[in-house]
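**Q** Input file: start05.cif. Contents: mmCIF, C-alpha atoms and all ligand atoms.
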data_coords
loop_
_atom_site.label_atom_id
_atom_site.label_comp_id
_atom_site.auth_asym_id
_atom_site.auth_seq_id
_atom_site.Cartn_x
_atom_site.Cartn_y
_atom_site.Cartn_z
CA MET A 64 0.00 0.00 0.00
CA GLU A 65 1.37 3.43 -0.99
CA ASN A 66 2.24 5.73 1.89
CA LEU A 67 0.44 8.89 0.73
CA LEU A 68 2.52 11.16 2.95
CA GLU A 69 5.83 10.16 1.41
CA PRO A 70 6.99 11.73 -1.86
CA VAL A 71 6.66 9.40 -4.81
CA LYS A 72 10.03 8.02 -5.90
CA VAL A 73 10.87 8.11 -9.58
CA GLY A 74 13.63 6.12 -11.27
CA LEU A 75 15.10 7.57 -14.47
CA LEU A 76 16.57 5.51 -17.29
CA GLY A 77 18.79 7.95 -19.19
CA LEU A 78 20.20 11.29 -18.08
CA GLY A 79 20.81 12.86 -21.50
CA THR A 80 18.94 15.80 -23.05
CA VAL A 81 15.42 14.80 -21.98
CA GLY A 82 16.51 13.08 -18.73
CA GLY A 83 18.46 16.17 -17.69
CA GLY A 84 15.56 18.42 -18.67
CA THR A 85 13.16 16.27 -16.64
CA VAL A 86 15.33 16.52 -13.50
CA ASN A 87 15.59 20.29 -13.95
CA VAL A 88 11.83 20.79 -14.40
CA LEU A 89 10.98 18.52 -11.46
CA GLN A 90 13.44 20.38 -9.23
CA ARG A 91 12.65 23.92 -10.36
CA ASN A 92 8.86 23.50 -10.22
CA ALA A 93 8.76 21.06 -7.28
CA GLU A 94 6.37 23.11 -5.20
CA GLU A 95 3.78 23.75 -7.94
CA ILE A 96 4.06 20.16 -9.13
CA SER A 97 3.35 18.77 -5.65
CA ARG A 98 0.38 21.15 -5.28
CA ARG A 99 -0.99 19.67 -8.48
CA ALA A 100 -0.13 16.05 -7.81
CA GLY A 101 -1.12 16.09 -4.15
CA ARG A 102 2.29 14.65 -3.20
CA GLY A 103 5.95 15.41 -3.63
CA ILE A 104 7.78 13.75 -6.51
CA VAL A 105 11.52 13.02 -6.30
CA VAL A 106 13.97 11.37 -8.62
CA SER A 107 15.70 8.92 -6.31
CA HIS A 108 17.61 6.68 -8.71
CA ALA A 109 18.92 7.22 -12.25
CA SER A 110 20.98 5.28 -14.74
CA ALA A 111 23.35 6.69 -17.34
CA ARG A 112 25.85 5.08 -19.69
CA ASP A 113 28.66 7.08 -18.05
CA VAL A 114 27.83 8.45 -14.60
CA ASN A 115 30.87 10.75 -14.66
CA LYS A 116 29.84 12.65 -17.78
CA PRO A 117 28.98 16.36 -17.32
CA ARG A 118 25.19 16.91 -17.19
CA ILE A 119 22.72 19.72 -17.80
CA CYS A 120 21.15 18.99 -14.37
CA LYS A 121 22.23 18.67 -10.74
CA THR A 122 22.25 15.08 -9.53
CA ASP A 123 22.64 15.70 -5.76
CA GLY A 124 20.46 13.28 -3.83
CA ILE A 125 20.03 10.95 -6.83
CA GLN A 126 21.59 7.51 -6.64
CA LEU A 127 23.46 7.08 -9.93
CA THR A 128 24.23 3.79 -11.62
CA GLU A 129 25.51 2.54 -14.94
CA ASN A 130 23.31 -0.55 -14.61
CA PRO A 131 19.70 0.31 -15.58
CA THR A 132 18.42 -2.97 -14.13
CA ASP A 133 19.22 -1.55 -10.66
CA VAL A 134 16.62 1.17 -11.33
CA VAL A 135 13.83 -1.04 -12.66
CA THR A 136 14.18 -3.49 -9.75
CA ASP A 137 14.62 -0.85 -7.01
CA PRO A 138 11.82 -1.60 -4.48
CA ASP A 139 11.57 2.08 -3.50
CA VAL A 140 10.88 3.28 -7.05
CA SER A 141 7.17 3.52 -7.99
CA ILE A 142 7.49 5.11 -11.43
CA VAL A 143 10.16 4.28 -14.01
CA VAL A 144 10.77 7.00 -16.59
CA GLU A 145 12.35 5.51 -19.71
CA LEU A 146 14.40 8.01 -21.71
CA ILE A 147 17.13 5.92 -23.28
CA GLY A 148 15.44 5.51 -26.68
CA GLY A 149 15.75 2.58 -29.08
CA ASP A 150 13.52 -0.42 -28.84
CA THR A 151 15.71 -3.32 -27.75
CA LEU A 152 17.18 -2.56 -24.33
CA ALA A 153 14.32 -0.13 -23.65
CA ARG A 154 11.76 -2.89 -24.30
CA GLU A 155 13.52 -5.31 -21.95
CA LEU A 156 13.84 -2.72 -19.20
CA VAL A 157 10.24 -1.55 -19.50
CA LEU A 158 8.89 -5.12 -19.42
CA THR A 159 11.10 -5.89 -16.40
CA ALA A 160 9.90 -2.73 -14.66
CA ILE A 161 6.27 -3.70 -15.35
CA ALA A 162 6.91 -7.21 -14.03
CA ASN A 163 8.24 -5.52 -10.89
CA GLY A 164 5.00 -3.55 -10.51
CA LYS A 165 6.37 -0.16 -11.63
CA HIS A 166 4.33 2.39 -13.56
CA ILE A 167 6.03 3.59 -16.73
CA VAL A 168 6.45 7.01 -18.29
CA THR A 169 8.27 7.03 -21.61
CA ALA A 170 9.19 9.46 -24.39
CA ASN A 171 10.07 6.54 -26.65
CA LYS A 172 7.93 6.60 -29.81
CA ALA A 173 9.76 3.70 -31.48
CA LEU A 174 9.15 1.55 -28.41
CA ILE A 175 5.43 2.35 -28.24
CA ALA A 176 4.84 2.20 -32.02
CA LYS A 177 6.58 -1.17 -32.39
CA HIS A 178 6.01 -2.89 -29.03
CA GLY A 179 3.14 -0.93 -27.48
CA ASN A 180 0.55 -3.71 -27.95
CA GLU A 181 2.79 -6.11 -25.99
CA ILE A 182 3.72 -3.51 -23.36
CA PHE A 183 0.12 -2.40 -22.73
CA SER A 184 -1.07 -5.95 -22.40
CA ALA A 185 1.71 -6.71 -19.85
CA ALA A 186 0.84 -3.49 -18.00
CA GLN A 187 -2.85 -4.34 -17.93
CA LYS A 188 -2.13 -7.73 -16.38
CA GLN A 189 0.01 -6.08 -13.69
CA GLY A 190 -2.46 -3.23 -13.10
CA VAL A 191 0.18 -0.57 -13.86
CA MET A 192 0.04 2.50 -16.12
CA VAL A 193 2.15 3.29 -19.16
CA ALA A 194 2.11 6.97 -20.11
CA PHE A 195 3.69 8.23 -23.33
CA GLU A 196 2.66 11.85 -23.95
CA ALA A 197 6.28 12.84 -24.67
CA ALA A 198 6.51 10.26 -27.45
CA VAL A 199 4.50 12.40 -29.87
CA ALA A 200 5.11 16.05 -30.74
CA GLY A 201 7.39 16.82 -27.76
CA GLY A 202 5.71 19.28 -25.41
CA ILE A 203 2.29 19.42 -27.11
CA PRO A 204 -0.26 17.49 -25.01
CA ILE A 205 -1.69 15.89 -28.14
CA ILE A 206 -2.22 12.40 -26.70
CA LYS A 207 -4.31 13.80 -23.88
CA ALA A 208 -6.20 16.09 -26.25
CA ILE A 209 -7.25 13.26 -28.57
CA ARG A 210 -7.69 10.56 -25.94
CA GLU A 211 -9.56 12.64 -23.39
CA GLY A 212 -10.51 16.08 -24.72
CA LEU A 213 -11.99 14.75 -27.98
CA ALA A 214 -13.47 11.56 -26.50
CA GLY A 215 -16.96 12.61 -27.60
CA ASN A 216 -16.04 12.79 -31.27
CA GLN A 217 -15.64 10.45 -34.17
CA ILE A 218 -12.23 11.50 -35.40
CA GLU A 219 -12.35 11.81 -39.18
CA TRP A 220 -8.73 12.62 -39.96
CA LEU A 221 -5.57 14.06 -38.55
CA ALA A 222 -2.50 15.56 -40.15
CA GLY A 223 0.64 16.68 -38.38
CA ILE A 224 4.07 18.15 -38.66
CA ILE A 225 5.48 15.72 -36.13
CA ASN A 226 9.22 15.78 -36.70
CA GLY A 227 10.95 18.93 -35.50
CA THR A 228 14.27 18.16 -37.16
CA GLY A 229 12.71 17.68 -40.60
CA ASN A 230 10.62 20.83 -40.24
CA PHE A 231 13.69 22.77 -39.08
CA ILE A 232 15.61 21.57 -42.15
CA LEU A 233 12.81 22.43 -44.63
CA THR A 234 12.33 25.86 -43.05
CA GLU A 235 16.03 26.81 -43.03
CA MET A 236 16.49 25.57 -46.61
CA ARG A 237 13.48 27.59 -47.78
CA ASP A 238 14.14 30.81 -45.85
CA LYS A 239 17.93 30.97 -45.73
CA GLN A 240 18.96 28.79 -48.68
CA ARG A 241 21.12 26.80 -46.24
CA ASP A 242 22.30 23.38 -47.31
CA PHE A 243 20.76 20.22 -45.95
CA ASP A 244 23.85 18.90 -44.11
CA SER A 245 24.67 22.05 -42.17
CA VAL A 246 21.07 22.42 -40.92
CA LEU A 247 21.01 18.76 -39.91
CA ALA A 248 24.31 19.19 -38.01
CA GLU A 249 22.79 22.15 -36.14
CA ALA A 250 19.67 20.11 -35.25
CA GLN A 251 21.96 17.39 -33.87
CA ARG A 252 23.94 19.93 -31.83
CA LEU A 253 20.69 21.30 -30.36
CA GLY A 254 19.57 17.80 -29.30
CA TYR A 255 16.57 17.68 -31.67
CA ALA A 256 17.70 14.90 -33.99
CA GLU A 257 17.41 11.17 -33.40
CA ALA A 258 20.55 9.12 -32.66
CA ASP A 259 20.25 7.99 -36.28
CA PRO A 260 19.18 11.18 -38.12
CA THR A 261 17.88 9.20 -41.12
CA PHE A 262 14.95 8.45 -38.80
CA ASP A 263 14.15 12.18 -38.97
CA VAL A 264 14.74 12.89 -42.66
CA GLU A 265 13.33 9.64 -44.04
CA GLY A 266 10.12 9.92 -42.02
CA ILE A 267 10.62 6.91 -39.74
CA ASP A 268 10.37 9.01 -36.58
CA ALA A 269 7.19 10.65 -37.92
CA ALA A 270 5.82 7.20 -38.81
CA HIS A 271 6.37 6.04 -35.21
CA LYS A 272 4.41 9.05 -33.97
CA LEU A 273 1.66 8.74 -36.58
CA THR A 274 1.16 5.08 -35.62
CA ILE A 275 0.45 6.19 -32.05
CA LEU A 276 -1.83 9.07 -33.05
CA ALA A 277 -3.89 6.89 -35.40
CA SER A 278 -4.38 4.24 -32.73
CA ILE A 279 -5.73 6.62 -30.16
CA ALA A 280 -7.79 8.50 -32.76
CA PHE A 281 -9.46 5.49 -34.36
CA GLY A 282 -9.23 2.80 -31.67
CA ILE A 283 -7.05 0.44 -33.72
CA PRO A 284 -4.02 -1.58 -32.59
CA LEU A 285 -0.58 -0.06 -33.19
CA GLN A 286 0.52 -1.04 -36.72
CA PHE A 287 3.81 0.69 -37.45
CA GLU A 288 4.77 -1.81 -40.16
CA LYS A 289 1.79 -0.66 -42.28
CA VAL A 290 2.68 3.05 -42.45
CA TYR A 291 3.62 4.29 -45.93
CA THR A 292 6.78 6.35 -45.38
CA GLU A 293 8.58 8.75 -47.71
CA GLY A 294 11.32 11.18 -46.62
CA ILE A 295 12.24 14.77 -47.51
CA SER A 296 15.69 14.15 -48.93
CA LYS A 297 14.52 14.38 -52.56
CA ILE A 298 12.71 17.71 -52.23
CA THR A 299 14.41 20.29 -54.46
CA GLY A 300 14.48 24.08 -54.30
CA GLU A 301 12.75 24.07 -57.70
CA ASP A 302 9.67 22.32 -56.32
CA VAL A 303 9.64 24.55 -53.24
CA ASP A 304 9.59 27.60 -55.58
CA TYR A 305 6.89 26.25 -57.96
CA ALA A 306 4.74 25.22 -54.98
CA ASN A 307 5.11 28.73 -53.61
CA GLU A 308 4.07 30.26 -56.95
CA LEU A 309 0.91 28.14 -56.92
CA GLY A 310 0.02 29.18 -53.35
CA PHE A 311 1.34 26.14 -51.48
CA THR A 312 4.11 25.31 -49.05
CA ILE A 313 5.79 21.92 -48.76
CA LYS A 314 5.70 20.26 -45.34
CA HIS A 315 6.60 16.76 -44.22
CA LEU A 316 3.22 15.53 -42.99
CA GLY A 317 1.92 12.48 -41.23
CA VAL A 318 -1.66 11.91 -42.39
CA SER A 319 -4.22 9.44 -41.12
CA ARG A 320 -7.79 9.38 -42.35
CA ARG A 321 -10.69 7.04 -41.70
CA THR A 322 -12.48 6.11 -44.92
CA GLU A 323 -15.31 3.66 -45.62
CA SER A 324 -12.82 0.99 -46.60
CA GLY A 325 -10.17 1.48 -43.91
CA VAL A 326 -7.58 3.79 -42.42
CA GLU A 327 -4.97 5.74 -44.36
CA LEU A 328 -1.61 5.86 -42.61
CA ARG A 329 1.07 7.79 -44.49
CA VAL A 330 4.08 10.07 -44.03
CA HIS A 331 5.34 12.01 -47.03
CA PRO A 332 6.25 15.50 -48.24
CA THR A 333 2.98 17.30 -48.92
CA LEU A 334 1.91 20.53 -50.57
CA ILE A 335 -0.53 22.41 -48.35
CA PRO A 336 -2.21 25.76 -49.03
CA LYS A 337 -0.12 28.64 -47.62
CA ARG A 338 -3.21 30.18 -46.04
CA ARG A 339 -3.67 27.27 -43.59
CA LEU A 340 -2.35 28.00 -40.09
CA ILE A 341 -0.40 24.74 -40.12
CA ALA A 342 1.47 25.87 -43.24
CA ASN A 343 3.10 28.54 -41.08
CA VAL A 344 4.49 26.16 -38.49
CA ASP A 345 8.21 26.61 -38.94
CA GLY A 346 11.54 25.57 -37.44
CA VAL A 347 11.52 22.89 -34.79
CA MET A 348 7.88 23.58 -33.95
CA ASN A 349 5.30 20.81 -34.43
CA ALA A 350 1.57 21.03 -35.01
CA VAL A 351 -1.21 18.51 -35.30
CA LEU A 352 -4.54 19.23 -36.97
CA VAL A 353 -7.35 16.94 -35.82
CA LYS A 354 -10.81 16.91 -37.37
CA GLY A 355 -13.60 15.57 -35.16
CA ASP A 356 -17.20 15.25 -36.35
CA ALA A 357 -18.54 17.31 -33.45
CA VAL A 358 -15.76 19.81 -32.80
CA GLY A 359 -14.64 20.39 -36.42
CA PRO A 360 -10.97 21.07 -37.13
CA THR A 361 -8.71 21.72 -34.12
CA LEU A 362 -5.03 22.64 -34.16
CA TYR A 363 -2.38 21.93 -31.51
CA TYR A 364 0.96 23.72 -31.74
CA GLY A 365 4.21 23.77 -29.77
CA ALA A 366 7.82 22.72 -29.53
CA GLY A 367 8.23 19.20 -30.90
CA ALA A 368 11.66 18.46 -29.48
CA GLY A 369 14.28 19.73 -27.05
CA ALA A 370 15.12 19.15 -23.39
CA GLU A 371 12.48 21.09 -21.47
CA PRO A 372 9.56 20.94 -23.95
CA THR A 373 9.84 17.16 -23.91
CA ALA A 374 10.39 17.21 -20.14
CA SER A 375 7.14 19.17 -19.84
CA ALA A 376 5.27 16.21 -21.33
CA VAL A 377 7.23 13.68 -19.25
CA VAL A 378 6.49 15.54 -16.01
CA GLY A 379 2.82 15.96 -17.00
CA ASP A 380 2.63 12.18 -17.32
CA ILE A 381 4.38 11.63 -13.97
CA VAL A 382 1.81 13.92 -12.33
CA ASP A 383 -1.04 12.02 -14.03
CA VAL A 384 0.32 8.71 -12.76
CA VAL A 385 0.79 10.07 -9.22
CA ARG A 386 -2.79 11.39 -9.16
CA VAL A 387 -4.30 7.98 -9.89
CA LEU A 388 -1.74 5.72 -8.20
CA THR A 389 -4.29 4.43 -5.75
CA SER A 390 -7.25 4.22 -8.12
CA ASP A 391 -8.75 0.97 -9.34
CA PRO A 392 -6.86 -0.01 -12.56
CA GLU A 393 -10.16 -0.80 -14.32
CA ASN A 394 -11.27 2.82 -13.98
CA ARG A 395 -8.18 4.49 -15.44
CA VAL A 396 -8.01 6.07 -18.89
CA PRO A 397 -7.22 3.21 -21.32
CA HIS A 398 -3.72 3.29 -22.83
CA LEU A 399 -4.99 3.58 -26.41
CA ALA A 400 -8.05 5.70 -25.53
CA PHE A 401 -10.51 2.88 -26.32
CA GLN A 402 -11.11 -0.04 -23.94
CA PRO A 403 -8.62 -2.79 -24.89
CA GLU A 404 -11.40 -5.28 -25.74
CA SER A 405 -13.04 -2.65 -27.99
CA LEU A 406 -10.19 -2.04 -30.41
CA SER A 407 -11.37 -2.27 -34.01
CA ASP A 408 -9.90 -4.35 -36.82
CA LEU A 409 -10.40 -1.63 -39.48
CA PRO A 410 -7.85 -2.43 -42.22
CA ILE A 411 -4.94 -0.09 -42.92
CA LEU A 412 -5.17 0.85 -46.59
CA PRO A 413 -2.19 0.21 -48.88
CA ILE A 414 -0.83 3.43 -50.40
CA GLU A 415 -2.33 2.48 -53.81
CA GLU A 416 -5.80 2.85 -52.27
CA VAL A 417 -5.15 6.26 -50.71
CA GLU A 418 -7.09 9.26 -52.02
CA THR A 419 -5.19 12.51 -52.38
CA ALA A 420 -4.45 15.35 -54.80
CA TYR A 421 -1.09 15.73 -56.55
CA TYR A 422 1.50 18.21 -57.72
CA LEU A 423 3.29 16.95 -60.84
CA ARG A 424 6.43 18.45 -62.39
CA ILE A 425 7.03 17.24 -65.91
CA ALA A 426 10.16 18.03 -67.95
CA ALA A 427 9.26 17.79 -71.65
CA SER A 428 10.30 18.93 -75.10
CA ASP A 429 8.42 22.04 -76.10
CA GLN A 430 6.57 20.39 -79.04
CA THR A 431 3.06 20.54 -80.43
CA GLY A 432 0.78 17.98 -78.84
CA VAL A 433 2.85 17.20 -75.71
CA MET A 434 0.44 18.94 -73.38
CA ALA A 435 -2.53 17.35 -75.16
CA ASN A 436 -1.01 13.88 -74.74
CA ILE A 437 -0.40 14.45 -71.03
CA THR A 438 -3.87 15.80 -70.32
CA THR A 439 -5.46 12.94 -72.32
CA ILE A 440 -3.57 10.36 -70.24
CA LEU A 441 -4.72 12.04 -67.03
CA ALA A 442 -8.34 12.20 -68.26
CA ASP A 443 -8.25 8.55 -69.40
CA ASN A 444 -7.27 7.59 -65.86
CA GLY A 445 -10.11 9.59 -64.34
CA ILE A 446 -7.81 12.36 -63.05
CA SER A 447 -9.09 15.90 -63.17
CA ILE A 448 -6.74 18.91 -63.40
CA ASP A 449 -7.09 21.73 -60.90
CA SER A 450 -4.42 24.15 -62.17
CA MET A 451 -1.45 24.24 -64.50
CA LEU A 452 1.74 26.23 -65.09
CA GLN A 453 4.07 26.02 -68.04
CA LYS A 454 7.62 27.42 -68.04
CA GLU A 455 9.50 27.54 -71.31
CA HIS A 456 13.25 27.13 -71.56
CA LYS A 457 14.30 28.32 -75.05
CA CYS A 458 17.38 26.81 -76.65
CA SER A 459 19.45 29.58 -78.30
CA ILE A 460 21.01 27.18 -80.83
CA ASN A 461 18.15 24.99 -82.08
CA PRO A 462 14.42 25.71 -81.49
CA ALA A 463 13.76 21.94 -81.77
CA ASP A 464 15.64 21.61 -78.46
CA ASP A 465 13.31 24.01 -76.61
CA LYS A 466 12.23 22.54 -73.30
CA ALA A 467 9.20 23.09 -71.10
CA THR A 468 8.53 22.45 -67.45
CA ILE A 469 4.87 21.67 -66.95
CA ILE A 470 3.46 21.87 -63.45
CA ILE A 471 0.05 20.29 -62.92
CA VAL A 472 -2.01 20.32 -59.75
CA THR A 473 -4.73 17.68 -59.82
CA HIS A 474 -7.95 17.17 -57.95
CA THR A 475 -8.22 14.23 -55.57
CA THR A 476 -7.82 10.79 -57.10
CA ILE A 477 -6.89 7.26 -56.06
CA GLU A 478 -3.13 6.68 -55.98
CA LYS A 479 -3.28 3.61 -58.22
CA ASN A 480 -4.90 5.73 -60.99
CA MET A 481 -2.08 8.22 -60.65
CA ASN A 482 0.54 5.43 -60.78
CA GLU A 483 -0.95 4.21 -64.07
CA ALA A 484 -1.09 7.68 -65.54
CA LEU A 485 2.51 8.41 -64.50
CA SER A 486 3.86 5.25 -66.07
CA LYS A 487 2.24 6.30 -69.37
CA ILE A 488 3.45 9.90 -69.12
CA ASN A 489 6.99 8.74 -68.27
CA ALA A 490 6.89 6.57 -71.41
CA LEU A 491 6.15 9.52 -73.73
CA GLU A 492 9.10 10.27 -75.99
CA ALA A 493 8.83 14.01 -75.32
CA VAL A 494 9.11 13.55 -71.54
CA SER A 495 12.77 13.55 -70.53
CA ASP A 496 13.03 12.79 -66.78
CA ASP A 497 10.72 10.82 -64.52
CA VAL A 498 7.80 12.99 -63.48
CA VAL A 499 8.19 14.45 -59.97
CA ARG A 500 5.07 13.69 -57.94
CA ILE A 501 4.34 15.26 -54.55
CA ARG A 502 1.05 14.59 -52.79
CA LEU A 503 -1.15 17.56 -51.94
CA GLU A 504 -3.69 17.99 -49.14
CA HIS A 505 -6.09 20.92 -48.81
CA LEU A 506 -6.68 20.24 -45.09
CA ASP A 507 -9.96 22.12 -45.20
CA ALA A 508 -12.81 21.75 -42.77
CA ASP A 509 -14.65 19.06 -44.82
N1 LIG B 1 13.97 13.76 -33.49
C1 LIG B 1 12.69 14.14 -33.03
C2 LIG B 1 12.26 15.39 -33.78
C3 LIG B 1 12.74 14.41 -31.55
O1 LIG B 1 13.11 16.03 -34.41
O2 LIG B 1 11.09 15.73 -33.77
C4 LIG B 1 11.39 14.47 -30.92
O3 LIG B 1 10.68 13.30 -31.06
#
Please express the file's structure as structure tokens.

**A**
Amino acid sequence: MENLLEPVKVGLLGLGTVGGGTVNVLQRNAEEISRRAGRGIVVSHASARDVNKPRICKTDGIQLTENPTDVVTDPDVSIVVELIGGDTLARELVLTAIANGKHIVTANKALIAKHGNEIFSAAQKQGVMVAFEAAVAGGIPIIKAIREGLAGNQIEWLAGIINGTGNFILTEMRDKQRDFDSVLAEAQRLGYAEADPTFDVEGIDAAHKLTILASIAFGIPLQFEKVYTEGISKITGEDVDYANELGFTIKHLGVSRRTESGVELRVHPTLIPKRRLIANVDGVMNAVLVKGDAVGPTLYYGAGAGAEPTASAVVGDIVDVVRVLTSDPENRVPHLAFQPESLSDLPILPIEEVETAYYLRIAASDQTGVMANITTILADNGISIDSMLQKEHKCSINPADDKATIIIVTHTTIEKNMNEALSKINALEAVSDDVVRIRLEHLDAD
């Protein structure tokens, strides 16, 4: 039985950027936090790979160890906060902590996206909580907003800028013409990037987070392996400029939509209208747009990475756990928002079945009939054109070598129709390079 007069003891796994930030926030705001939680909260035990390394936080009064198993088996620790990342050692430690009756708070999106179903089921058997607000969109309380604040709604779709590093890179490249590598190096220095930064730029980190968001929005099991994932490394300045001319900005979005036939789950660069609020979310900031049938569109914005923004979410979760430590496990908020026995088996749609609009950039010879051929192929595949731009590049030596860049924005269509049309357009003799295709979402209230 918990002694309610004693402060709750927290064990930390990892004392890096987020671990250090968590200790600092807990210490600095100790009084306000205990007024909210109803009890004091202290970090009593922490593990780090090298306990002698300089830290961003004070560790006085914290028992330090290089063996994380000491923390997860410490009988005095009630809540284990997992901040080491990765999904191998972290999974083992979290499952051991659960087996030892500890509640878990984690910022680890890979762990939850890939092993959450197993972890939640182990936690349910032990009657312990697993809280993971910090796993998605850093400091934005998006899990709580969807799981609790929007519990009265049928969520129709959500779309988010959920990787700070990628957004920081796209913003700096667009506004300051900086090169990709130097911006990425800065994001790493600032502690935003993943240990393996390809997770950021290739969309894997965003796919982890989207998996979690879709589960709590639609009441489906976590299915990371079914997310369609495309990175930002192939986005060129040319496409950024053409998109801009047509009234769009390019963002790396995670999109999940419930349709009659299943759930779309996709991460890819996306053109969005510049007039949308979310189009103006720049730098390391994140934002998630959620459309509920009752509330309409709602937007959540804040810092998506960094020591204290992420610590804000971690500490919020610790407070939540402390508040309900003594409550009956059956009456707590379910891990994935829906009661575990009520999860739905809605299929995740393959990318070929997804419905979206497109931006196409076609490099062609400037000859009679080229445009007609292209538009006929699109029409034959049931694809309607929304707008078009043509840029001519005259050849000073031979007019037969004149080139044209044709930009086409289409209305919504099914991806497999677009794939068919593109294979025919790519086969046209007048079309020189493979057509560049970037998906486009209007993100309007419908
Ligand atoms: N690498 C992640 C990002 C950290 O840049 O958003 C927060 O999850």

**Q** Which protein, DNA or RNA residues have an atom within 7 Å of ligand LIG 1 (chain B), counting all atoms listed in the file, as number ranges by chain?

**A** A: 198-201, 225-229, 255-257, 263, 268, 367-368

**Q** With only C-alpha atoms counted, which protein, DNA or RNA residues have an atom no more than 12 Å from (0.7, 17.9, -44.0) in the file frame? Please answer as number ranges by chain.

**A** A: 220-226, 230, 269, 273, 311-319, 329-337, 339-344, 349-353, 419, 501-507

**Q** Let me know the centre plus edge lengths, in Å and rounded to one decimal, of a box with edges along x, y and z that contains all listed atoms of range 476-486 of chain A and is padded by 3 Å on every side, as lines of an AutoDock Vina configuration file.

**A**
center_x = -2.0
center_y = 7.2
center_z = -61.0
size_x = 17.7
size_y = 13.2
size_z = 16.1

**Q** Extract, using all atoms listed in the file, all DNA, RNA and protein residues at most 8 Å from Glu145 in chain A, discarding same-chain residues fewer than 6 positions from it, and format them as a PyMOL selection string.

**A** chain A and resi 75-77+153+157+167-171

**Q** Let me see the file: selected residues, C-alpha atoms, as a PDB file, in the frame of the given file.

**A**
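Dumped to out.pdb:
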ATOM      1  CA  LEU A  75      15.100   7.570 -14.470  1.00  0.00           C
ATOM      2  CA  LEU A  76      16.570   5.510 -17.290  1.00  0.00           C
ATOM      3  CA  GLY A  77      18.790   7.950 -19.190  1.00  0.00           C
ATOM      4  CA  ALA A 153      14.320  -0.130 -23.650  1.00  0.00           C
ATOM      5  CA  VAL A 157      10.240  -1.550 -19.500  1.00  0.00           C
ATOM      6  CA  ILE A 167       6.030   3.590 -16.730  1.00  0.00           C
ATOM      7  CA  VAL A 168       6.450   7.010 -18.290  1.00  0.00           C
ATOM      8  CA  THR A 169       8.270   7.030 -21.610  1.00  0.00           C
ATOM      9  CA  ALA A 170       9.190   9.460 -24.390  1.00  0.00           C
ATOM     10  CA  ASN A 171      10.070   6.540 -26.650  1.00  0.00           C
TER      11      ASN A 171
END

**Q** Counting all atoms listed in the file, what is within 7 Å of range 86-96 of chain A, bar same-chain residues fewer than 4 positions away, as a PyMOL selection string?

**A** chain A and resi 82+100+120+374

**Q** Just C-alpha atoms for this one: save the residues we selected as a compact mmCIF listing (two decimals), in the frame of the given file.

**A**
# COMPACT_ATOMS: atom_id res chain seq x y z
CA GLY A 82 16.51 13.08 -18.73
CA ALA A 100 -0.13 16.05 -7.81
CA CYS A 120 21.15 18.99 -14.37
CA ALA A 374 10.39 17.21 -20.14

**Q** Taking (12.6, 21.0, -19.8) in the file's own coordinates, collect the residues within 6 Å, counting all atoms listed in the file, and hand them back as a list in words.

**A**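 I get Gly84, Thr85, Val88, Ala370, Glu371, Pro372, Ala374 and Ser375 of chain A for the residues within 6 Å of that point.
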
**Q** Take the residues from that selection and put them in a file with C-alpha atoms, as a compact mmCIF listing (two decimals), in the frame of the given file.

**A**
# COMPACT_ATOMS: atom_id res chain seq x y z
CA GLY A 84 15.56 18.42 -18.67
CA THR A 85 13.16 16.27 -16.64
CA VAL A 88 11.83 20.79 -14.40
CA ALA A 370 15.12 19.15 -23.39
CA GLU A 371 12.48 21.09 -21.47
CA PRO A 372 9.56 20.94 -23.95
CA ALA A 374 10.39 17.21 -20.14
CA SER A 375 7.14 19.17 -19.84

**Q** By how many Å are CA of Arg500 in chain A and CA of Pro462 in chain A apart?

**A**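 Result for CA of Arg500 in chain A versus CA of Pro462 in chain A: 28.0 Å, one decimal.
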
**Q** Pick from A:Gly101, A:Val417, A:Ala508, A:Gly325: nearest to Asp356 in chain A, with only C-alpha atoms counted?

**A** A:Ala508

**Q** Between A:Lys116, A:His474, A:Lys354, A:His166, which is the closest to Val140 in chain A once you count all atoms listed in the file?

**A** A:His166

**Q** Could you please determine the separation between CA of Ala208 in chain A and CA of Met192 in chain A in Å, to one decimal place?

**A**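 Pair CA of Ala208 in chain A / CA of Met192 in chain A returns 18.1 Å.
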
**Q** Calculated over all atoms listed in the file, which of the candidates A:Asp304, A:Glu483, A:Glu211, A:Glu196 has the smallest distance to Ile275 in chain A?

**A**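 That would be A:Glu196, the residue with the smallest distance to Ile275 in chain A.
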